[in-house]
Each structure stands twice: as C-alpha cells, then as structure tokens.
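Okay, target.pdb now, which holds PDB, C-alpha atoms, pLDDT in the B column:
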```
ATOM      1  CA  MET W   4     152.170 120.965  39.356  1.00 66.00           C
ATOM      2  CA  ASN W   5     150.570 120.407  42.757  1.00 84.00           C
ATOM      3  CA  PHE W   6     146.914 120.723  41.780  1.00 87.00           C
ATOM      4  CA  ASP W   7     144.290 118.161  42.826  1.00 87.00           C
ATOM      5  CA  LEU W   8     141.362 118.375  40.426  1.00 90.00           C
ATOM      6  CA  GLY W   9     139.621 115.469  42.120  1.00 91.00           C
ATOM      7  CA  TYR W  10     139.660 117.244  45.478  1.00 91.00           C
ATOM      8  CA  MET W  11     138.231 120.420  43.939  1.00 93.00           C
ATOM      9  CA  ILE W  12     135.355 118.485  42.364  1.00 93.00           C
ATOM     10  CA  GLU W  13     134.808 116.587  45.604  1.00 94.00           C
ATOM     11  CA  ILE W  14     134.352 119.701  47.758  1.00 95.00           C
ATOM     12  CA  ILE W  15     131.902 121.487  45.442  1.00 96.00           C
ATOM     13  CA  PRO W  16     128.829 119.619  46.805  1.00 95.00           C
ATOM     14  CA  GLU W  17     129.905 120.530  50.338  1.00 95.00           C
ATOM     15  CA  LEU W  18     130.343 124.175  49.361  1.00 96.00           C
ATOM     16  CA  LEU W  19     126.920 124.232  47.710  1.00 96.00           C
ATOM     17  CA  LYS W  20     125.341 123.523  51.099  1.00 96.00           C
ATOM     18  CA  TYR W  21     126.255 127.106  52.030  1.00 96.00           C
ATOM     19  CA  LEU W  22     124.909 128.628  48.832  1.00 96.00           C
ATOM     20  CA  PRO W  23     121.442 129.220  50.376  1.00 96.00           C
ATOM     21  CA  MET W  24     122.996 131.565  52.949  1.00 96.00           C
ATOM     22  CA  THR W  25     124.746 133.532  50.201  1.00 96.00           C
ATOM     23  CA  LEU W  26     121.498 133.801  48.223  1.00 96.00           C
ATOM     24  CA  TYR W  27     119.536 134.701  51.370  1.00 97.00           C
ATOM     25  CA  LEU W  28     121.906 137.584  52.120  1.00 97.00           C
ATOM     26  CA  ALA W  29     121.898 138.838  48.524  1.00 97.00           C
ATOM     27  CA  ILE W  30     118.182 138.507  47.734  1.00 97.00           C
ATOM     28  CA  THR W  31     116.926 139.868  51.063  1.00 98.00           C
ATOM     29  CA  SER W  32     119.328 142.795  50.885  1.00 97.00           C
ATOM     30  CA  MET W  33     118.303 143.519  47.299  1.00 97.00           C
ATOM     31  CA  ILE W  34     114.596 143.577  48.129  1.00 97.00           C
ATOM     32  CA  ILE W  35     115.133 146.031  50.979  1.00 98.00           C
ATOM     33  CA  ALA W  36     117.550 148.093  48.878  1.00 97.00           C
ATOM     34  CA  VAL W  37     115.027 148.390  46.040  1.00 96.00           C
ATOM     35  CA  ILE W  38     112.387 149.742  48.437  1.00 96.00           C
ATOM     36  CA  ILE W  39     114.781 152.298  49.933  1.00 97.00           C
ATOM     37  CA  GLY W  40     116.191 153.130  46.490  1.00 96.00           C
ATOM     38  CA  VAL W  41     112.742 153.891  45.058  1.00 93.00           C
ATOM     39  CA  ILE W  42     111.943 156.208  47.968  1.00 93.00           C
ATOM     40  CA  LEU W  43     115.261 158.022  47.565  1.00 95.00           C
ATOM     41  CA  ALA W  44     114.804 158.293  43.793  1.00 94.00           C
ATOM     42  CA  LEU W  45     111.367 159.876  44.210  1.00 90.00           C
ATOM     43  CA  ILE W  46     112.851 162.366  46.673  1.00 93.00           C
ATOM     44  CA  LEU W  47     115.601 163.230  44.181  1.00 93.00           C
ATOM     45  CA  VAL W  48     113.215 163.560  41.246  1.00 89.00           C
ATOM     46  CA  ASN W  49     110.595 165.596  43.127  1.00 86.00           C
ATOM     47  CA  ARG W  50     113.318 167.587  44.926  1.00 85.00           C
ATOM     48  CA  THR W  51     111.409 167.487  48.205  1.00 78.00           C
ATOM     49  CA  PRO W  52     112.707 170.419  50.322  1.00 83.00           C
ATOM     50  CA  GLY W  53     114.621 169.468  53.465  1.00 85.00           C
ATOM     51  CA  ILE W  54     114.488 165.739  52.820  1.00 93.00           C
ATOM     52  CA  LEU W  55     116.437 166.236  49.571  1.00 94.00           C
ATOM     53  CA  GLN W  56     119.613 167.269  51.397  1.00 94.00           C
ATOM     54  CA  ILE W  57     119.331 164.321  53.798  1.00 94.00           C
ATOM     55  CA  ALA W  58     118.921 161.959  50.846  1.00 95.00           C
ATOM     56  CA  LYS W  59     121.978 163.425  49.114  1.00 95.00           C
ATOM     57  CA  VAL W  60     124.133 163.026  52.231  1.00 96.00           C
ATOM     58  CA  TYR W  61     122.896 159.430  52.677  1.00 97.00           C
ATOM     59  CA  ILE W  62     123.731 158.562  49.068  1.00 97.00           C
ATOM     60  CA  SER W  63     127.105 160.295  49.233  1.00 97.00           C
ATOM     61  CA  PHE W  64     128.129 158.491  52.421  1.00 97.00           C
ATOM     62  CA  PHE W  65     127.149 154.985  51.355  1.00 97.00           C
ATOM     63  CA  ARG W  66     128.627 155.412  47.879  1.00 96.00           C
ATOM     64  CA  GLY W  67     131.768 157.078  49.190  1.00 96.00           C
ATOM     65  CA  THR W  68     132.821 154.620  51.890  1.00 96.00           C
ATOM     66  CA  PRO W  69     133.857 150.949  51.516  1.00 96.00           C
ATOM     67  CA  ALA W  70     131.144 148.348  52.032  1.00 95.00           C
ATOM     68  CA  LEU W  71     133.398 146.519  54.496  1.00 96.00           C
ATOM     69  CA  VAL W  72     133.743 149.636  56.651  1.00 97.00           C
ATOM     70  CA  GLN W  73     129.961 150.039  56.675  1.00 97.00           C
ATOM     71  CA  LEU W  74     129.558 146.386  57.651  1.00 97.00           C
ATOM     72  CA  LEU W  75     131.983 146.719  60.551  1.00 96.00           C
ATOM     73  CA  LEU W  76     130.392 149.982  61.687  1.00 96.00           C
ATOM     74  CA  ILE W  77     126.961 148.385  61.842  1.00 96.00           C
ATOM     75  CA  TYR W  78     127.976 145.105  63.483  1.00 96.00           C
ATOM     76  CA  PHE W  79     130.580 146.375  65.947  1.00 95.00           C
ATOM     77  CA  GLY W  80     129.863 150.106  66.146  1.00 94.00           C
ATOM     78  CA  LEU W  81     126.103 150.418  66.534  1.00 93.00           C
ATOM     79  CA  PRO W  82     125.894 148.118  69.598  1.00 93.00           C
ATOM     80  CA  GLN W  83     128.411 150.430  71.267  1.00 93.00           C
ATOM     81  CA  LEU W  84     126.048 153.370  70.751  1.00 92.00           C
ATOM     82  CA  PHE W  85     122.831 151.417  71.229  1.00 92.00           C
ATOM     83  CA  PRO W  86     123.306 148.545  73.736  1.00 90.00           C
ATOM     84  CA  ALA W  87     119.933 147.058  72.721  1.00 88.00           C
ATOM     85  CA  MET W  88     121.538 146.075  69.415  1.00 90.00           C
ATOM     86  CA  ASN W  89     123.962 143.691  71.147  1.00 91.00           C
ATOM     87  CA  GLU W  90     121.521 140.906  70.340  1.00 91.00           C
ATOM     88  CA  MET W  91     121.724 141.604  66.614  1.00 94.00           C
ATOM     89  CA  SER W  92     122.963 138.577  64.684  1.00 95.00           C
ATOM     90  CA  ALA W  93     125.829 138.774  62.201  1.00 95.00           C
ATOM     91  CA  ALA W  94     123.501 137.843  59.327  1.00 96.00           C
ATOM     92  CA  THR W  95     121.102 140.669  60.256  1.00 96.00           C
ATOM     93  CA  ALA W  96     123.964 143.155  60.415  1.00 96.00           C
ATOM     94  CA  ALA W  97     125.174 141.984  57.005  1.00 97.00           C
ATOM     95  CA  ILE W  98     121.706 142.427  55.478  1.00 97.00           C
ATOM     96  CA  ILE W  99     121.385 145.929  56.956  1.00 97.00           C
ATOM     97  CA  ALA W 100     124.821 146.941  55.663  1.00 97.00           C
ATOM     98  CA  PHE W 101     124.338 145.493  52.189  1.00 98.00           C
ATOM     99  CA  SER W 102     120.837 146.993  51.927  1.00 98.00           C
ATOM    100  CA  LEU W 103     121.957 150.499  52.852  1.00 97.00           C
ATOM    101  CA  ASN W 104     125.020 150.339  50.602  1.00 97.00           C
ATOM    102  CA  THR W 105     123.136 148.988  47.594  1.00 97.00           C
ATOM    103  CA  SER W 106     120.188 151.366  47.981  1.00 97.00           C
ATOM    104  CA  ALA W 107     122.507 154.353  47.510  1.00 97.00           C
ATOM    105  CA  TYR W 108     123.531 153.069  44.075  1.00 97.00           C
ATOM    106  CA  LEU W 109     120.005 152.028  43.129  1.00 97.00           C
ATOM    107  CA  ALA W 110     118.665 155.484  44.019  1.00 96.00           C
ATOM    108  CA  GLU W 111     120.776 157.063  41.281  1.00 95.00           C
ATOM    109  CA  ILE W 112     119.852 154.331  38.798  1.00 96.00           C
ATOM    110  CA  PHE W 113     116.139 154.722  39.508  1.00 94.00           C
ATOM    111  CA  ARG W 114     116.420 158.513  39.367  1.00 94.00           C
ATOM    112  CA  ALA W 115     118.039 158.294  35.936  1.00 93.00           C
ATOM    113  CA  GLY W 116     115.377 155.815  34.836  1.00 91.00           C
ATOM    114  CA  LEU W 117     112.536 158.102  35.895  1.00 88.00           C
ATOM    115  CA  GLN W 118     114.129 161.152  34.309  1.00 89.00           C
ATOM    116  CA  SER W 119     114.732 159.260  31.063  1.00 87.00           C
ATOM    117  CA  VAL W 120     110.960 159.247  30.448  1.00 85.00           C
ATOM    118  CA  ASP W 121     109.701 162.421  28.790  1.00 83.00           C
ATOM    119  CA  LYS W 122     107.724 164.523  31.283  1.00 80.00           C
ATOM    120  CA  GLY W 123     105.261 165.300  28.520  1.00 83.00           C
ATOM    121  CA  GLN W 124     103.912 161.754  28.663  1.00 83.00           C
ATOM    122  CA  ALA W 125     102.766 162.153  32.266  1.00 76.00           C
ATOM    123  CA  GLU W 126     101.398 165.622  31.540  1.00 80.00           C
ATOM    124  CA  ALA W 127      99.447 164.288  28.559  1.00 85.00           C
ATOM    125  CA  ALA W 128      98.005 161.469  30.648  1.00 81.00           C
ATOM    126  CA  VAL W 129      96.862 163.911  33.331  1.00 82.00           C
ATOM    127  CA  SER W 130      95.316 166.165  30.666  1.00 86.00           C
ATOM    128  CA  VAL W 131      93.039 163.341  29.479  1.00 87.00           C
ATOM    129  CA  GLY W 132      91.703 162.598  32.953  1.00 84.00           C
ATOM    130  CA  MET W 133      94.239 160.285  34.599  1.00 86.00           C
ATOM    131  CA  THR W 134      95.508 161.141  38.065  1.00 83.00           C
ATOM    132  CA  TYR W 135      99.215 161.770  38.553  1.00 75.00           C
ATOM    133  CA  ALA W 136      99.519 158.445  40.415  1.00 79.00           C
ATOM    134  CA  GLN W 137      97.814 156.588  37.560  1.00 84.00           C
ATOM    135  CA  ALA W 138     100.101 158.246  35.027  1.00 80.00           C
ATOM    136  CA  MET W 139     103.173 157.256  37.021  1.00 79.00           C
ATOM    137  CA  ARG W 140     101.981 153.689  37.556  1.00 82.00           C
ATOM    138  CA  GLY W 141     100.689 153.049  34.052  1.00 82.00           C
ATOM    139  CA  ILE W 142     103.008 155.079  31.828  1.00 82.00           C
ATOM    140  CA  VAL W 143     106.160 156.430  33.479  1.00 83.00           C
ATOM    141  CA  ILE W 144     107.210 153.615  35.819  1.00 81.00           C
ATOM    142  CA  PRO W 145     106.967 150.754  33.243  1.00 82.00           C
ATOM    143  CA  GLN W 146     109.292 152.670  30.908  1.00 85.00           C
ATOM    144  CA  ALA W 147     111.607 153.655  33.764  1.00 85.00           C
ATOM    145  CA  VAL W 148     111.831 150.023  34.904  1.00 84.00           C
ATOM    146  CA  ARG W 149     112.780 148.913  31.399  1.00 85.00           C
ATOM    147  CA  ASN W 150     115.517 151.550  31.251  1.00 88.00           C
ATOM    148  CA  ALA W 151     116.840 150.704  34.723  1.00 91.00           C
ATOM    149  CA  ILE W 152     116.906 146.891  34.444  1.00 91.00           C
ATOM    150  CA  PRO W 153     120.424 146.507  32.950  1.00 91.00           C
ATOM    151  CA  ALA W 154     122.144 148.674  35.565  1.00 94.00           C
ATOM    152  CA  THR W 155     120.045 147.180  38.372  1.00 95.00           C
ATOM    153  CA  GLY W 156     121.088 143.700  37.261  1.00 94.00           C
ATOM    154  CA  ASN W 157     124.740 144.695  37.426  1.00 94.00           C
ATOM    155  CA  ILE W 158     124.211 145.981  40.951  1.00 96.00           C
ATOM    156  CA  PHE W 159     122.637 142.663  41.982  1.00 96.00           C
ATOM    157  CA  ILE W 160     125.568 140.699  40.541  1.00 96.00           C
ATOM    158  CA  GLY W 161     127.898 142.919  42.546  1.00 95.00           C
ATOM    159  CA  LEU W 162     125.773 142.304  45.640  1.00 96.00           C
ATOM    160  CA  ILE W 163     126.047 138.533  45.230  1.00 96.00           C
ATOM    161  CA  LYS W 164     129.824 138.861  45.186  1.00 94.00           C
ATOM    162  CA  ASN W 165     129.910 141.437  48.000  1.00 94.00           C
ATOM    163  CA  SER W 166     127.944 139.042  50.203  1.00 95.00           C
ATOM    164  CA  SER W 167     131.272 137.246  50.673  1.00 94.00           C
ATOM    165  CA  LEU W 168     132.276 140.129  52.974  1.00 96.00           C
ATOM    166  CA  ALA W 169     129.871 138.727  55.560  1.00 96.00           C
ATOM    167  CA  PHE W 170     132.442 136.113  56.545  1.00 94.00           C
ATOM    168  CA  THR W 171     134.491 138.917  58.180  1.00 94.00           C
ATOM    169  CA  ILE W 172     131.870 139.198  60.940  1.00 95.00           C
ATOM    170  CA  GLY W 173     131.319 135.469  61.358  1.00 93.00           C
ATOM    171  CA  VAL W 174     128.594 134.586  58.857  1.00 95.00           C
ATOM    172  CA  THR W 175     129.300 131.133  57.452  1.00 91.00           C
ATOM    173  CA  GLU W 176     128.415 131.551  53.800  1.00 94.00           C
ATOM    174  CA  LEU W 177     130.025 130.253  50.626  1.00 95.00           C
ATOM    175  CA  LEU W 178     133.406 131.964  50.916  1.00 94.00           C
ATOM    176  CA  ALA W 179     133.668 131.365  54.663  1.00 94.00           C
ATOM    177  CA  GLN W 180     133.200 127.634  54.189  1.00 95.00           C
ATOM    178  CA  GLY W 181     135.704 127.650  51.358  1.00 95.00           C
ATOM    179  CA  LYS W 182     138.238 129.340  53.615  1.00 94.00           C
ATOM    180  CA  LEU W 183     137.632 126.765  56.362  1.00 94.00           C
ATOM    181  CA  MET W 184     138.110 123.880  53.957  1.00 94.00           C
ATOM    182  CA  ALA W 185     141.209 125.439  52.443  1.00 93.00           C
ATOM    183  CA  THR W 186     142.792 125.889  55.880  1.00 92.00           C
ATOM    184  CA  ALA W 187     141.861 122.396  57.057  1.00 91.00           C
ATOM    185  CA  ASN W 188     143.340 120.615  54.025  1.00 86.00           C
ATOM    186  CA  LEU W 189     145.963 123.132  52.929  1.00 89.00           C
ATOM    187  CA  ARG W 190     144.452 123.037  49.445  1.00 91.00           C
ATOM    188  CA  PHE W 191     144.005 126.761  49.043  1.00 94.00           C
ATOM    189  CA  PHE W 192     144.029 126.983  45.259  1.00 94.00           C
ATOM    190  CA  GLU W 193     141.510 124.182  44.790  1.00 94.00           C
ATOM    191  CA  ALA W 194     139.146 125.479  47.487  1.00 95.00           C
ATOM    192  CA  TYR W 195     139.153 129.092  46.370  1.00 96.00           C
ATOM    193  CA  LEU W 196     138.891 128.123  42.709  1.00 96.00           C
ATOM    194  CA  ALA W 197     135.840 125.994  43.529  1.00 96.00           C
ATOM    195  CA  VAL W 198     134.285 128.965  45.336  1.00 97.00           C
ATOM    196  CA  GLY W 199     135.072 131.214  42.384  1.00 96.00           C
ATOM    197  CA  LEU W 200     133.509 128.781  39.922  1.00 97.00           C
ATOM    198  CA  ILE W 201     130.289 128.685  41.949  1.00 97.00           C
ATOM    199  CA  TYR W 202     130.091 132.494  41.986  1.00 97.00           C
ATOM    200  CA  TRP W 203     130.811 132.505  38.250  1.00 96.00           C
ATOM    201  CA  ALA W 204     128.035 129.985  37.592  1.00 96.00           C
ATOM    202  CA  LEU W 205     125.630 132.135  39.631  1.00 96.00           C
ATOM    203  CA  THR W 206     126.404 135.243  37.599  1.00 95.00           C
ATOM    204  CA  ILE W 207     126.046 133.353  34.299  1.00 96.00           C
ATOM    205  CA  LEU W 208     122.641 132.011  35.386  1.00 96.00           C
ATOM    206  CA  TYR W 209     121.475 135.424  36.539  1.00 96.00           C
ATOM    207  CA  ASN W 210     122.697 137.054  33.310  1.00 95.00           C
ATOM    208  CA  TRP W 211     120.649 134.550  31.343  1.00 95.00           C
ATOM    209  CA  LEU W 212     117.535 135.273  33.417  1.00 94.00           C
ATOM    210  CA  GLN W 213     118.039 139.015  33.056  1.00 93.00           C
ATOM    211  CA  GLN W 214     118.451 138.812  29.273  1.00 92.00           C
ATOM    212  CA  TRP W 215     115.262 136.751  29.063  1.00 92.00           C
ATOM    213  CA  TYR W 216     113.375 139.299  31.181  1.00 89.00           C
ATOM    214  CA  GLU W 217     114.740 142.251  29.182  1.00 86.00           C
ATOM    215  CA  TYR W 218     113.608 140.569  25.968  1.00 86.00           C
ATOM    216  CA  ARG W 219     110.151 139.903  27.411  1.00 86.00           C
ATOM    217  CA  ILE W 220     109.477 143.431  28.683  1.00 81.00           C
ATOM    218  CA  GLY W 221     110.982 144.913  25.532  1.00 77.00           C
ATOM    219  CA  LYS W 222     108.503 143.237  23.170  1.00 75.00           C
ATOM    220  CA  PRO W 223     105.980 146.142  23.153  1.00 72.00           C
ATOM    221  CA  TYR W 224     108.773 148.515  22.082  1.00 68.00           C
ATOM    222  CA  ARG W 225     109.944 146.453  19.088  1.00 67.00           C
ATOM    223  CA  VAL W 226     108.356 147.057  15.713  1.00 58.00           C
TER     224      VAL W 226
END
```
Can the structure from this file be put into structure tokens for me?
Amino acid sequence: MNFDLGYMIEIIPELLKYLPMTLYLAITSMIIAVIIGVILALILVNRTPGILQIAKVYISFFRGTPALVQLLLIYFGLPQLFPAMNEMSAATAAIIAFSLNTSAYLAEIFRAGLQSVDKGQAEAAVSVGMTYAQAMRGIVIPQAVRNAIPATGNIFIGLIKNSSLAFTIGVTELLAQGKLMATANLRFFEAYLAVGLIYWALTILYNWLQQWYEYRIGKPYRV
C-alpha cells in the first residue's frame, strides 16, 4: 500500500499555519451572522408588517441556494453591478457570503428558541412592573438562548467546514494549502487526510466546549 504516514505527520505543522485563517473566516462570519439572525428572528416573531415579507424572502433565498453559488455571486457578480466593489478582497467576500448564508439558518433557530418560551412569562413580568425590554432581557432571552445553543453549535460546526469553500475564490486557508501540498508532492491521500484530521480535531474541541457551556447554563434548571 502506497501510504506515507511519516509524510502526513510531517505536513501537519505546516498545515496548522493556515488554521488561523480558517478560524478567522468562521468566527467573524458567525459573529455577523448571529447579529443578523437575531434581527431577523425578532422580525419573524413580532411579524413586523412589510419587513416580514422581505425577511422571509431573504431567508428562503439563502437557505434555498448553495453556499458556493452565493460565494461566487458576491465575489464575481457584485463587482460587475457595483464597480466600487472591485477592490473587495477574497477573504471579505467569503465572510460576507458565509455571514448571509448562516444568518438565514440562525434566524429560524432563534425564532424557534424565542417561541419556545411561554408568552405568559413575559406578560407576568410586565404585570409586576417590568418593561417589555426588561422582561425579554431578563426572562425570555436567557431561556431562548439555552434552547437554541445545541442547534446554533451545529451551525457553527458546519460553518467551520464550509469555510473550506473560500479556496475556490483564492483564499489560502487550511484546505487550499492542503491542495497545494498534495499537488506539489503527489501525495493526495496523505495531504487530504491530514486536512480532514485537523477539521475533525476542531469539531471535537468545539463539541467539548459546547457541552461544558450547556452544562453551565443549565445548572439553574436542574433540581
């Protein structure tokens, strides 16, 4: 069997040099996506007239089209319509695409989280003198966050893996470097397996952190 374990182990430190770019794309996109997702979820829950239909179309489009198509549209298509965007870097385009795509999924998760909390709790809080904003911040949102954490974590894991699509527009991240090394040395199996193991290790680490956080925020709800 033509498999060089030593070569695979040897290239892992080199591949890890490009891990910061992968994490930068994923974490930055997730932060922006959470902000947009919360706004969309509030629109869906409050059923704001006019804006509601726009939000539904936005969510439908970004959930219904491939992330790669969205990435190519933003990086190659938008500069055609708006010449000022010709200066946009590939990394910026990737963050915009991943943020918009992920926010559409998060909006539905956050909406379900908010609606999972009994409306009577907010009404009771308002009846004893709290403002609606205080009731949301102190009672509804903490419970909604707890309910939404598992699904949100799964979305973030998917985002880490989807960040590999950025190599299609020239961003040199983890997978892109693995592809370059595989082509240069004709050791495709070893290079791609090394990349896969790094992604796997990332997801295991994140799963551990998420389980720890779920346990911590769940303490008040355990008898």
Nearest candidate to Ala36 of chain W (options W:Leu109, W:Pro16, W:Arg50, W:Arg190; using all atoms listed in the file):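 Closest residue, counting all atoms listed in the file: W:Leu109.
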Quick one: everything within 12 Å of Val72 of chain W, counting all atoms listed in the file, minus sequence neighbours fewer than 5 positions away in the same chain. Send it as a PDB file with C-alpha atoms, keeping the file's coordinate frame.
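part11.pdb was written with the following content:
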```
ATOM      1  CA  PHE W  64     128.129 158.491  52.421  1.00 97.00           C
ATOM      2  CA  PHE W  65     127.149 154.985  51.355  1.00 97.00           C
ATOM      3  CA  ARG W  66     128.627 155.412  47.879  1.00 96.00           C
ATOM      4  CA  GLY W  67     131.768 157.078  49.190  1.00 96.00           C
ATOM      5  CA  ILE W  77     126.961 148.385  61.842  1.00 96.00           C
ATOM      6  CA  TYR W  78     127.976 145.105  63.483  1.00 96.00           C
ATOM      7  CA  PHE W  79     130.580 146.375  65.947  1.00 95.00           C
ATOM      8  CA  GLY W  80     129.863 150.106  66.146  1.00 94.00           C
ATOM      9  CA  ALA W  97     125.174 141.984  57.005  1.00 97.00           C
ATOM     10  CA  ALA W 100     124.821 146.941  55.663  1.00 97.00           C
ATOM     11  CA  PHE W 101     124.338 145.493  52.189  1.00 98.00           C
ATOM     12  CA  ASN W 104     125.020 150.339  50.602  1.00 97.00           C
ATOM     13  CA  LEU W 168     132.276 140.129  52.974  1.00 96.00           C
ATOM     14  CA  ALA W 169     129.871 138.727  55.560  1.00 96.00           C
ATOM     15  CA  THR W 171     134.491 138.917  58.180  1.00 94.00           C
ATOM     16  CA  ILE W 172     131.870 139.198  60.940  1.00 95.00           C
TER      17      ILE W 172
END
```
From atom CA of Thr105 of chain W to atom CA of Ile158 of chain W the spacing works out at 7.4 Å
Using all atoms listed in the file for the distances, tell me which of W:Ala107, W:Leu19, W:Ala147, W:Ala96 is nearest to Asp121 of chain W.
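Going through W:Ala107, W:Leu19, W:Ala147, W:Ala96 one by one, the smallest distance to Asp121 of chain W is for W:Ala147.
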**OP:** Quote the spacing between atom CA of Ala29 of chain W and atom CA of Arg149 of chain W in Å to one decimal place.
**Re:**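 Pair atom CA of Ala29 of chain W / atom CA of Arg149 of chain W returns 21.9 Å.
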Atom pair atom CA of Gln146 of chain W + atom CA of Thr31 of chain W, distance 25.1 Å
Hits of the PyMOL selection byres ((chain W and resi 206-208) around 12) in this structure, as a ChimeraX atom specification: /W:26,156-164,199-205,209-215
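Using all atoms listed in the file for every distance, the candidate list W:Ala151, W:Ile12, W:Met139, W:Met88 yields W:Ile12 as the residue closest to Tyr195 of chain W.
The residue that comes closest to Tyr218 of chain W, out of W:Gly53, W:Pro153, W:Gly123, W:Gly132 and on the basis of all atoms listed in the file, is W:Pro153.
Ranking W:Ile14, W:Asp7, W:Thr68, W:Ser92 by their shortest atom-to-atom distance to Leu183 of chain W, with only C-alpha atoms included, puts W:Ile14 first.
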task = Kindly resolve the PyMOL selection byres ((chain W and resi 24) around 9) on the present coordinates and return the residues as a PyMOL selection string.
result = chain W and resi 20-23+25-29+94+174-177
Same residues, C-alpha atoms, saved as a compact mmCIF listing (two decimals), keeping the file's coordinate frame:
```
# COMPACT_ATOMS: atom_id res chain seq x y z
CA LYS W 20 125.34 123.52 51.10
CA TYR W 21 126.26 127.11 52.03
CA LEU W 22 124.91 128.63 48.83
CA PRO W 23 121.44 129.22 50.38
CA THR W 25 124.75 133.53 50.20
CA LEU W 26 121.50 133.80 48.22
CA TYR W 27 119.54 134.70 51.37
CA LEU W 28 121.91 137.58 52.12
CA ALA W 29 121.90 138.84 48.52
CA ALA W 94 123.50 137.84 59.33
CA VAL W 174 128.59 134.59 58.86
CA THR W 175 129.30 131.13 57.45
CA GLU W 176 128.42 131.55 53.80
CA LEU W 177 130.02 130.25 50.63
```
Would you write out, as a ChimeraX atom specification, every residue that the PyMOL selection byres ((chain W and resi 46) around 12) captures in this file? /W:39-45,47-59,62,110-111,113-114,117
In terms of only C-alpha atoms, the residue from W:Ile220, W:Ile99, W:Ala194, W:Val60 at minimal distance from Leu76 of chain W is W:Ile99
